[in-house]
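Trainee: After the C-alpha cells below, expect a handful of questions from me.
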Amino acid sequence: MSNKRTPLHPIHESLGARIIDFGGWDMPVQYAGIVAESKATRTQVGLFDIGHMNRIEFLGADRVAAVDWCLSCNVANLTEGRVKYGLLLTERGTALDDVLVYFDSDRIHVVVNAGNRDQDLRLFRERIAAKGFDCTVIDAGDGNDPKIGESLLGVEQTIIALQGPNSETLLQRVVDTDTDLSELGYYRNCRSVVSGLPCLLSRTGYTGEDGFEIFFDAREAERIWNLLMSEGEDLGATPVGLGARDALRTEAGMPLYGHELDDQTTPLEAGLKFGVQLKAGDFVGKAPLLEQFENGVGKALVGLEVDTKRVPRPHCMLMNGDEQIGVVTSGTFSPTLQKNIAMGFVPPSMSEVGTTFEMDIRGKRHGCTVVPMPFYKRAKKS
Amino acid sequence: MRPEGILFSKSHEWVLIEKDIATTGISDFAVKQLSDLVFVDLPEITDLLEQGQPYAEVESVKAVSDIYAPLSGEVIAINEDIGDNLDLIGKDPFGKGWFVKFRLSHPGEVENLLDSAGYDKVCVAAS
C-alpha cells in the first residue's frame, strides 16, 4: 500500500524537501536543513505541515461525558475556548495515544497523532457506542465521512502550524479583523476566518515556542501556505520539516508517541501526571493508574546528558555495571543548546537529578547523568 | 574539483594513493546527503583499517552514519582540524576535509574501487 500524502505535498516537492515515511505518510523531514529550520523556529517563525495529524469532532447531548470517559484528562470541567492535554489509554492504563482536547461551544475537538488516526477513531466510536452515549463522532480529516457536512468546516480539513516568536504577528496579518490574537491565551482555541476561509485556531504547538495551529479546508492548503510564506517574508517565515520538529520537541521535553509513550507505558511513568485527572470521573484505564499512583511507578522518564560528543539515539541502552537499567527513548544533538540531549526510562530509584550511570552508544560506554527537563524553556514575555 | 587519480568506494568514500600511503575522506555526494554534521568520531593512529569495514562515524543532528575503509591498512595520521571545524568537510571534502591517512597493507584491493566517472554513475542511481 502506498503512503498517504497531505495536500501540501506538491509544495514540499517544489521546495526540494527530503521526504520520509512517518506513520504511513510521505512527509518532509527537512528543507534547508535541521539546524537552520530549528533556529528559524526559535527566533522567527516556522511553518509546519501537520496535515498528517487529524482532528475528530464529537457532537451530541452526551459529548462531554463521552469524551471524558474515553480520555484521561478531566473534560467535564473544561469551558469554551479551553485546550487540554490528555491520553487515550488501554484498560491497563497504558497509552494508546496522546491528544489535545479543544472545548468548543457546541462540540468537542480531539487532535490525534498521524500513526494512530485509524485506531483512535475506531476506539472512540466503540467505547462511546458501548456506553450508549448520545454522541456523534466525525472524522474531520476524511471528506468521505458520512457526517462531514455536520463538521465545523463542513469539508475535509488540513492543519498548518506556525511556531516561533513571530507567529502572532504573522497570523494576525491574515485573520479577519474581528480576531485579536493577543487575546487568545496559551492553550486556548477559537473560531476565526483566515483569508476568507472559516477555520479553527489554537494557541498550541509542539516546539516549546509560542505559536498556533490552524485547521481549515484542505482544498485551500496550498493557497494558505503560500499566503503565510509571502505575508511572513519580512518575519523570517521558514518551512520546517519533521527533523527539526523532533529536535525542537525533544529540547522542550515533550513526549512523542512511539518513543516516550507506547502501550507498555502509563502516563504516570512518562511524567505526564498533568494529563491525568484521578480525582474526577471514571475513564478507561483509571483503576490501574490509581493503583500505580498509590504504590509507585515501575519506571520513570528522565532527561539525560552524556559525556561524549557521540550523539545518543533512541534504543541506546542505559547500563549500571553489567545490568541494563533502562533505555533511551529520544536523543539528538540540540541545535538550540549546541549539545547532546536525551530522554529515557530508568528505575525510579535512579531517576533523581544528578544520578550517574552509563549509556551504551553503539557498543561503546559513556558516562551519563540525570538532568532536569525540559532542556529548553522559552523566555516569558514581559 | 576532484583531484586527479582519485578513487571511490560505492559507499561514498574517496581515496588518493601516493606510493604506499593512502588519504581518505567522504565524497562531495556524501557531504550533501549528510547535512547538519555535528561530530566526526575518527580512529586512532596505529588502528588497522579493513576494506569495507566501518572505521569512523559521522554524526548529524538526525542520524549517525558509518564511514567505511576504502582499502586496508594502518592509520598513520588523523585530521585533527575537522574536529573543531566540521565545515571543512563540506567546503573542501577532497582537500582540508580529509579524515585519515594510512599505510596500505593490501594494495591489490584497488581493483574493487571506482574511478570518478564510474562513481558518478553510482551517485546518479542513488539520488
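By convention in this document, the chains of the C-alpha cells carry letters A, B, ... by their order, each chain's residues are numbered from 1, and ligands are numbered from 1 in the order they are shown.
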Write out as a ChimeraX atom specification the set of residues from segment 41-70 of chain A that DSSP, computed on the backbone, places in alpha helix (DSSP H).
Mentor: /A:41-43,63-70
Trainee: Please return, as a list of chain:residue names, all residues of chain B lying within 8 Å of chain A when only C-alpha atoms are considered.
Mentor: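 On the chain B side, the interface is B:Ser35, B:Asp36, B:Val38, B:Phe39, B:Asp41, B:Glu59, B:Ser60, B:Val61, B:Lys62, B:Ala63, B:Val64.
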Trainee: Create the file for the chosen residues now, containing C-alpha atoms and written as a CSV table (one decimal), in the first residue's frame.
Mentor:
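Saved to part24.csv:
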chain,number,residue,atom,x,y,z
B,35,SER,CA,23.6,17.8,6.2
B,36,ASP,CA,24.0,19.3,9.6
B,38,VAL,CA,27.8,17.8,14.4
B,39,PHE,CA,30.6,15.3,15.2
B,41,ASP,CA,34.5,10.1,15.5
B,59,GLU,CA,27.0,12.3,13.4
B,60,SER,CA,24.4,14.7,12.0
B,61,VAL,CA,21.6,16.1,14.1
B,62,LYS,CA,19.2,13.5,12.8
B,63,ALA,CA,21.3,10.3,12.4
B,64,VAL,CA,24.7,8.6,12.7
Trainee: Skip segment 209-226 of chain A itself and residues of its chain fewer than 4 positions away, then list as number ranges by chain all residues within 8 Å of it, counting only C-alpha atoms.
Mentor: A: 7-8, 11, 41-42, 153, 155-165, 167-168, 186, 195, 197-205, 230, 378
Trainee: Restricting the calculation to only C-alpha atoms: of A:Phe345, A:Arg173, A:Pro288, A:Lys273, which residue gets closest to His315 of chain A?
Mentor: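 Of the candidates, the smallest distance to His315 of chain A is held by A:Phe345.
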Trainee: Report as a PyMOL selection string all protein, DNA and RNA residues lying within 8 Å of segment 49-65 of chain A, evaluated on only C-alpha atoms, omitting residues in the same chain fewer than 5 positions from it.
Mentor: chain A and resi 5-8+25+75-76+106-114+117+121+133-141+151+158-161+241
Trainee: Residues as selected, C-alpha atoms, written as a PDB file, in the first residue's frame, can you do that?
Mentor:
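Produced file selection-v1.pdb, reproduced below:
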ATOM      1  CA  ARG A   5       0.132  12.417   1.331  1.00  0.00           C
ATOM      2  CA  THR A   6      -1.071  15.725   2.694  1.00  0.00           C
ATOM      3  CA  PRO A   7      -2.499  18.376   0.337  1.00  0.00           C
ATOM      4  CA  LEU A   8       0.784  20.296   0.739  1.00  0.00           C
ATOM      5  CA  TRP A  25       2.647   9.279   5.447  1.00  0.00           C
ATOM      6  CA  VAL A  75     -13.027  17.067  30.150  1.00  0.00           C
ATOM      7  CA  ALA A  76     -16.096  17.748  32.290  1.00  0.00           C
ATOM      8  CA  ASP A 106     -21.465  23.091  20.557  1.00  0.00           C
ATOM      9  CA  ARG A 107     -18.830  20.370  20.048  1.00  0.00           C
ATOM     10  CA  ILE A 108     -15.512  18.990  21.249  1.00  0.00           C
ATOM     11  CA  HIS A 109     -12.481  18.510  19.007  1.00  0.00           C
ATOM     12  CA  VAL A 110      -9.736  15.975  19.695  1.00  0.00           C
ATOM     13  CA  VAL A 111      -6.451  16.262  17.789  1.00  0.00           C
ATOM     14  CA  VAL A 112      -4.644  12.929  17.403  1.00  0.00           C
ATOM     15  CA  ASN A 113      -1.296  11.668  16.117  1.00  0.00           C
ATOM     16  CA  ALA A 114      -0.787  10.581  12.497  1.00  0.00           C
ATOM     17  CA  ARG A 117      -5.592   8.074  13.445  1.00  0.00           C
ATOM     18  CA  LEU A 121     -11.307   6.839  15.592  1.00  0.00           C
ATOM     19  CA  PHE A 133     -23.785   7.837  24.857  1.00  0.00           C
ATOM     20  CA  ASP A 134     -25.688  10.251  22.623  1.00  0.00           C
ATOM     21  CA  CYS A 135     -22.588  11.419  20.780  1.00  0.00           C
ATOM     22  CA  THR A 136     -21.735  11.562  17.078  1.00  0.00           C
ATOM     23  CA  VAL A 137     -18.075  11.095  16.111  1.00  0.00           C
ATOM     24  CA  ILE A 138     -16.924  12.761  12.886  1.00  0.00           C
ATOM     25  CA  ASP A 139     -13.548  12.294  11.216  1.00  0.00           C
ATOM     26  CA  ALA A 140     -12.828  15.888  10.168  1.00  0.00           C
ATOM     27  CA  GLY A 141      -9.877  14.716   8.077  1.00  0.00           C
ATOM     28  CA  SER A 151     -18.462  19.105  10.995  1.00  0.00           C
ATOM     29  CA  THR A 158      -5.985  20.053   6.983  1.00  0.00           C
ATOM     30  CA  ILE A 159      -3.672  21.618   9.581  1.00  0.00           C
ATOM     31  CA  ILE A 160      -0.753  24.064   9.385  1.00  0.00           C
ATOM     32  CA  ALA A 161       1.243  25.060  12.472  1.00  0.00           C
ATOM     33  CA  GLY A 241      10.228  19.632   8.472  1.00  0.00           C
TER      34      GLY A 241
END
Trainee: Report as a tab-separated table (two decimals) with N, CA and C atoms, in the first residue's frame: the residues of chain B with a DSSP assignment of strand (DSSP E or B), based on the backbone of this structure.
Mentor:
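What follows is the written file part_7.tsv:
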chain	number	residue	atom	x	y	z
B	7	LEU	N	40.06	7.81	-6.36
B	7	LEU	CA	39.22	6.63	-6.50
B	7	LEU	C	38.12	6.67	-5.44
B	8	PHE	N	37.07	5.95	-5.73
B	8	PHE	CA	35.90	5.97	-4.81
B	8	PHE	C	35.44	4.55	-4.48
B	13	GLU	N	33.11	6.81	-0.02
B	13	GLU	CA	34.39	7.30	0.46
B	13	GLU	C	35.31	7.49	-0.74
B	14	TRP	N	36.24	8.47	-0.61
B	14	TRP	CA	37.26	8.64	-1.65
B	14	TRP	C	38.61	8.23	-1.09
B	15	VAL	N	39.53	7.92	-2.00
B	15	VAL	CA	40.89	7.62	-1.57
B	15	VAL	C	41.87	8.10	-2.64
B	16	LEU	N	42.97	8.68	-2.17
B	16	LEU	CA	44.07	9.10	-3.05
B	16	LEU	C	45.32	8.35	-2.60
B	17	ILE	N	45.99	7.71	-3.54
B	17	ILE	CA	47.13	6.87	-3.18
B	17	ILE	C	48.42	7.50	-3.69
B	18	GLU	N	49.39	7.58	-2.77
B	18	GLU	CA	50.72	8.06	-3.15
B	18	GLU	C	51.72	7.03	-2.64
B	21	ILE	N	51.04	5.06	0.70
B	21	ILE	CA	50.24	5.83	1.67
B	21	ILE	C	48.94	6.29	0.99
B	22	ALA	N	47.82	6.07	1.70
B	22	ALA	CA	46.52	6.48	1.17
B	22	ALA	C	45.92	7.54	2.08
B	23	THR	N	45.22	8.51	1.45
B	23	THR	CA	44.45	9.50	2.21
B	23	THR	C	42.98	9.26	1.85
B	24	THR	N	42.11	9.31	2.86
B	24	THR	CA	40.70	9.06	2.59
B	24	THR	C	39.80	10.06	3.29
B	25	GLY	N	38.60	10.18	2.75
B	25	GLY	CA	37.58	11.06	3.33
B	25	GLY	C	36.24	10.68	2.73
B	26	ILE	N	35.25	11.56	2.86
B	26	ILE	CA	33.95	11.24	2.26
B	26	ILE	C	33.68	12.14	1.06
B	37	LEU	N	26.14	18.32	9.98
B	37	LEU	CA	27.10	17.50	10.71
B	37	LEU	C	27.39	18.11	12.08
B	38	VAL	N	27.50	17.26	13.10
B	38	VAL	CA	27.81	17.77	14.44
B	38	VAL	C	29.06	17.14	15.05
B	39	PHE	N	29.49	15.98	14.56
B	39	PHE	CA	30.65	15.33	15.16
B	39	PHE	C	31.16	14.25	14.24
B	40	VAL	N	32.51	14.12	14.21
B	40	VAL	CA	33.12	13.00	13.49
B	40	VAL	C	33.98	12.25	14.48
B	41	ASP	N	33.72	10.96	14.63
B	41	ASP	CA	34.49	10.12	15.54
B	41	ASP	C	35.53	9.35	14.71
B	48	LEU	N	43.97	-0.44	12.79
B	48	LEU	CA	44.01	-1.12	11.49
B	48	LEU	C	42.67	-0.98	10.78
B	49	LEU	N	42.72	-0.55	9.53
B	49	LEU	CA	41.51	-0.45	8.71
B	49	LEU	C	41.40	-1.71	7.85
B	54	PRO	N	33.55	-0.52	8.77
B	54	PRO	CA	33.46	0.85	9.31
B	54	PRO	C	34.69	1.19	10.16
B	55	TYR	N	35.20	2.42	9.98
B	55	TYR	CA	36.35	2.84	10.79
B	55	TYR	C	36.08	4.18	11.48
B	56	ALA	N	35.00	4.86	11.10
B	56	ALA	CA	34.69	6.18	11.68
B	56	ALA	C	33.18	6.36	11.66
B	57	GLU	N	32.71	7.34	12.46
B	57	GLU	CA	31.28	7.66	12.48
B	57	GLU	C	31.12	9.14	12.21
B	58	VAL	N	30.11	9.47	11.41
B	58	VAL	CA	29.76	10.87	11.22
B	58	VAL	C	28.37	11.08	11.82
B	59	GLU	N	28.30	12.00	12.77
B	59	GLU	CA	27.02	12.29	13.43
B	59	GLU	C	26.43	13.55	12.82
B	60	SER	N	25.18	13.46	12.38
B	60	SER	CA	24.43	14.67	12.04
B	60	SER	C	23.36	14.84	13.11
B	64	VAL	N	23.27	8.96	12.70
B	64	VAL	CA	24.69	8.64	12.67
B	64	VAL	C	24.94	7.76	11.45
B	65	SER	N	26.09	7.98	10.81
B	65	SER	CA	26.43	7.17	9.63
B	65	SER	C	27.81	6.57	9.82
B	66	ASP	N	27.94	5.31	9.48
B	66	ASP	CA	29.26	4.67	9.46
B	66	ASP	C	30.03	5.11	8.23
B	67	ILE	N	31.33	5.28	8.41
B	67	ILE	CA	32.22	5.57	7.29
B	67	ILE	C	33.11	4.34	7.12
B	68	TYR	N	33.23	3.85	5.88
B	68	TYR	CA	33.90	2.57	5.63
B	68	TYR	C	35.30	2.79	5.06
B	73	GLY	N	44.69	-1.09	5.78
B	73	GLY	CA	45.99	-0.55	6.16
B	73	GLY	C	46.01	-0.05	7.58
B	74	GLU	N	47.18	0.54	7.97
B	74	GLU	CA	47.36	1.02	9.34
B	74	GLU	C	47.33	2.54	9.35
B	75	VAL	N	46.52	3.11	10.26
B	75	VAL	CA	46.36	4.56	10.33
B	75	VAL	C	47.67	5.20	10.79
B	76	ILE	N	48.15	6.18	10.01
B	76	ILE	CA	49.39	6.87	10.39
B	76	ILE	C	49.14	8.34	10.71
B	77	ALA	N	47.96	8.87	10.34
B	77	ALA	CA	47.65	10.28	10.67
B	77	ALA	C	46.14	10.45	10.65
B	78	ILE	N	45.64	11.31	11.57
B	78	ILE	CA	44.23	11.67	11.52
B	78	ILE	C	44.12	13.19	11.42
B	100	VAL	N	41.57	10.44	7.41
B	100	VAL	CA	42.78	9.76	7.90
B	100	VAL	C	43.72	9.46	6.74
B	101	LYS	N	45.01	9.27	7.10
B	101	LYS	CA	45.99	8.71	6.17
B	101	LYS	C	46.40	7.35	6.73
B	102	PHE	N	46.62	6.40	5.82
B	102	PHE	CA	47.01	5.07	6.31
B	102	PHE	C	47.97	4.40	5.34
B	103	ARG	N	48.78	3.47	5.91
B	103	ARG	CA	49.76	2.74	5.11
B	103	ARG	C	49.07	1.49	4.56
B	104	LEU	N	49.06	1.37	3.24
B	104	LEU	CA	48.33	0.27	2.59
B	104	LEU	C	48.94	-1.09	2.97
B	114	LEU	N	36.22	2.49	-7.71
B	114	LEU	CA	35.72	3.10	-8.95
B	114	LEU	C	36.51	4.36	-9.28
Trainee: Hey, what's within 8 Å of Gln51 of chain B if we count only C-alpha atoms and toss same-chain stuff fewer than 2 positions away? As JSON, numbers by chain, please?
Mentor: {"B": [49, 53, 68, 69, 70, 71, 72, 109]}
Trainee: For the selection you just gave me, I'd like the residues written to a file as a PDB file, in the first residue's frame, keeping C-alpha atoms.
Mentor:
ATOM      1  CA  LEU B  49      41.513  -0.454   8.708  1.00  0.00           C
ATOM      2  CA  GLN B  53      34.555  -2.261   7.326  1.00  0.00           C
ATOM      3  CA  TYR B  68      33.902   2.575   5.632  1.00  0.00           C
ATOM      4  CA  ALA B  69      37.539   1.921   4.865  1.00  0.00           C
ATOM      5  CA  PRO B  70      38.059   2.073   1.091  1.00  0.00           C
ATOM      6  CA  LEU B  71      41.228  -0.040   1.444  1.00  0.00           C
ATOM      7  CA  SER B  72      43.037  -1.906   4.216  1.00  0.00           C
ATOM      8  CA  GLU B 109      42.337  -4.113  -3.258  1.00  0.00           C
TER       9      GLU B 109
END
Trainee: When you look at Gln33 of chain B with a cut-off of 10 Å (counting only C-alpha atoms), what residues show up, excluding the ones that are within fewer than 5 positions of it in the same chain? I need them as a ChimeraX atom specification.
Mentor: /A:18 /B:27-28,127
Trainee: Measuring atom to atom with only C-alpha atoms, identify which of B:Gly108, B:Gly5, B:Gly83, B:Gly90 is nearest to Leu34 of chain B.
Mentor: B:Gly90
Trainee: Neighbours of Glu80 of chain B within 10 Å (only C-alpha atoms; same-chain residues fewer than 5 positions away dropped), as a ChimeraX atom specification?
Mentor: /B:42,85,98-100
Trainee: Interatomic distance between atom CA of Asp180 of chain A and atom CA of Asn166 of chain A?
Mentor: 15.0 Å
